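Input: a single structure, listed below in structure tokens.
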Amino acid sequence: MRVRTFLSAACVMLVAVQIAGAAQAGSSPAKAAAKKKAPAKPAAPALAVLSRDPYQGAILVDAATGQVLFEDRADEKGYPASMLKLMDLLIIVEKVEQGSLKLDDKVQVTREAMQIGGSQVYLDEKETFTVDELLYALVVQSANDAAAALAIHVTGSRASFCELMNQKARQLGMKSTIFRSVHGLPPGAGQEPDVTTARDFSLLALELLRHPQALKYTSTQEHTFRPEKPFILRNHNKLLGTFDGCDGLKTGYFRAAGFSVCATACRKGVRVAAVVLGCTEKTSASTQAAELLAKGFMTIKPPEPEFTNLLIAPPALTTPGK
């Protein structure tokens, strides 16, 4: 009896020690087992690093005629990153011009929009902004939450806005471009990246330049957003204010994509646009774009000035014999 009692007591003590150990670890044995069996979250796809020195691809075009002035691997596919927000801008500006959208329309921020990461203006679902204010955030700050808020406001969802982006890309002849996001962030689990080429993006730039109102946003270096709690938007395009005549358009970056820039400038009636896709170095994108723009101004002859004030009157007619 004593032996049996001793063994029973020992078993009770052993169980108590196991339970205490599990509690000390922060979970019961059942919870610990459940935790081990919980499926792991799918990982985001590993993107191939496409950036290259000095760039992956580049192109320079005459904005007036669309003539290609320079190209180097312009059809090689890369990731546009935040440059693709220029397509967001184009679609919205067109809708404003068509009258289906107004710049002073109020946009209610959704929880979905406020949860977008990366570059942002920290939107809150309790806030409301005009389309105009969110366009400044979209282009100047490259705010991903602003991109989502605008997309949801315009079409009801980010997915349906992406459909508009791809429809427009096909209309413009952007044959190698696929938009899968409204912001250009690296893809999450189960997603694929946005894809474009330097040549395709030059077509987008040329179309955007047909809408001068777009330059109001792309040429802004700093802008105060949310005045009651000032948030200073600062443009990532370093050519603004440093390259004579530059008034746009947009930069983009994430690690696998590298640094990219779609730039334009106008001097003496001549406008050129350049796309530099996938630089390994941050300063290289701006440097290469500046060199291309300068090359464009050296290549294109400015239009002849009008000399209407120098016209000479024709001689007076005379009658024979007089």
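Following the order of the structure tokens, first chain is A, next is B, and so on, with residues numbered from 1 inside each chain and ligands from 1 in the order they appear.
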Would you please extract all strand (DSSP E or B) residues from range 52-283 of chain A, as assigned by DSSP on the backbone, and give them as a ChimeraX atom specification?
-> /A:52,57-62,68-72,78,106-108,128-130,178,195-196,222-225,231-234,246-254,258-267,270-279
From a DSSP calculation on the backbone, collect every residue of range 15-243 of chain A in helix (DSSP H, G or I) and output the set as a PyMOL selection string.
-> chain A and resi 15-24+29-37+81-98+111-114+131-139+144-155+158-171+198-208+212-218
So that each row is one residue of range 36-110 of chain A with an atom at most 10 Å from range 205-224 of chain A, can you give its shortest atom pair and the distance in Å to one decimal, using only C-alpha atoms, rows by chain and rising number, as a Markdown table?
```
| residue | atom | partner | partner_atom | distance |
| --- | --- | --- | --- | --- |
| A:Val61 | CA | A:Leu206 | CA | 8.6 |
| A:Asp62 | CA | A:Leu206 | CA | 8.9 |
| A:Ala63 | CA | A:Leu206 | CA | 6.0 |
| A:Ala64 | CA | A:Leu206 | CA | 8.5 |
| A:Thr65 | CA | A:Leu206 | CA | 9.4 |
| A:Gly66 | CA | A:Leu206 | CA | 7.4 |
| A:Leu86 | CA | A:Leu208 | CA | 7.8 |
| A:Met87 | CA | A:Leu208 | CA | 8.3 |
| A:Leu89 | CA | A:Ala214 | CA | 7.2 |
| A:Leu90 | CA | A:Leu208 | CA | 5.8 |
| A:Ile91 | CA | A:Leu208 | CA | 9.3 |
| A:Ile92 | CA | A:Ala214 | CA | 9.6 |
| A:Val93 | CA | A:Ala214 | CA | 6.9 |
| A:Glu94 | CA | A:His211 | CA | 8.0 |
| A:Glu97 | CA | A:His211 | CA | 9.0 |
```
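Distance annotation: of A:Asn235, A:Gln171, A:Thr197, A:Thr287, the residue with the minimal separation from Leu50 in chain A is A:Thr197; atom set is only C-alpha atoms.
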Could you give me, as number ranges by chain, the residues within 9 Å of Phe201 in chain A, counting only C-alpha atoms and dropping anything in the same chain fewer than 4 positions from it?
-> A: 80, 83-84, 174, 177, 196-197, 205-206, 262, 275
CA of Asp145 in chain A and CA of Leu185 in chain A, how far apart in Å?
-> 11.2 Å
Of the listed residues A:Gly117, A:Pro303, A:Gly278, A:Gly188, that which approaches Ala58 in chain A most closely, counting only C-alpha atoms | A:Gly278
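CA of Tyr122 in chain A is found 14.1 Å from CA of Glu228 in chain A.
The gap separating CA of Tyr136 in chain A from CA of Ala289 in chain A is 23.1 Å, in Å to one decimal.
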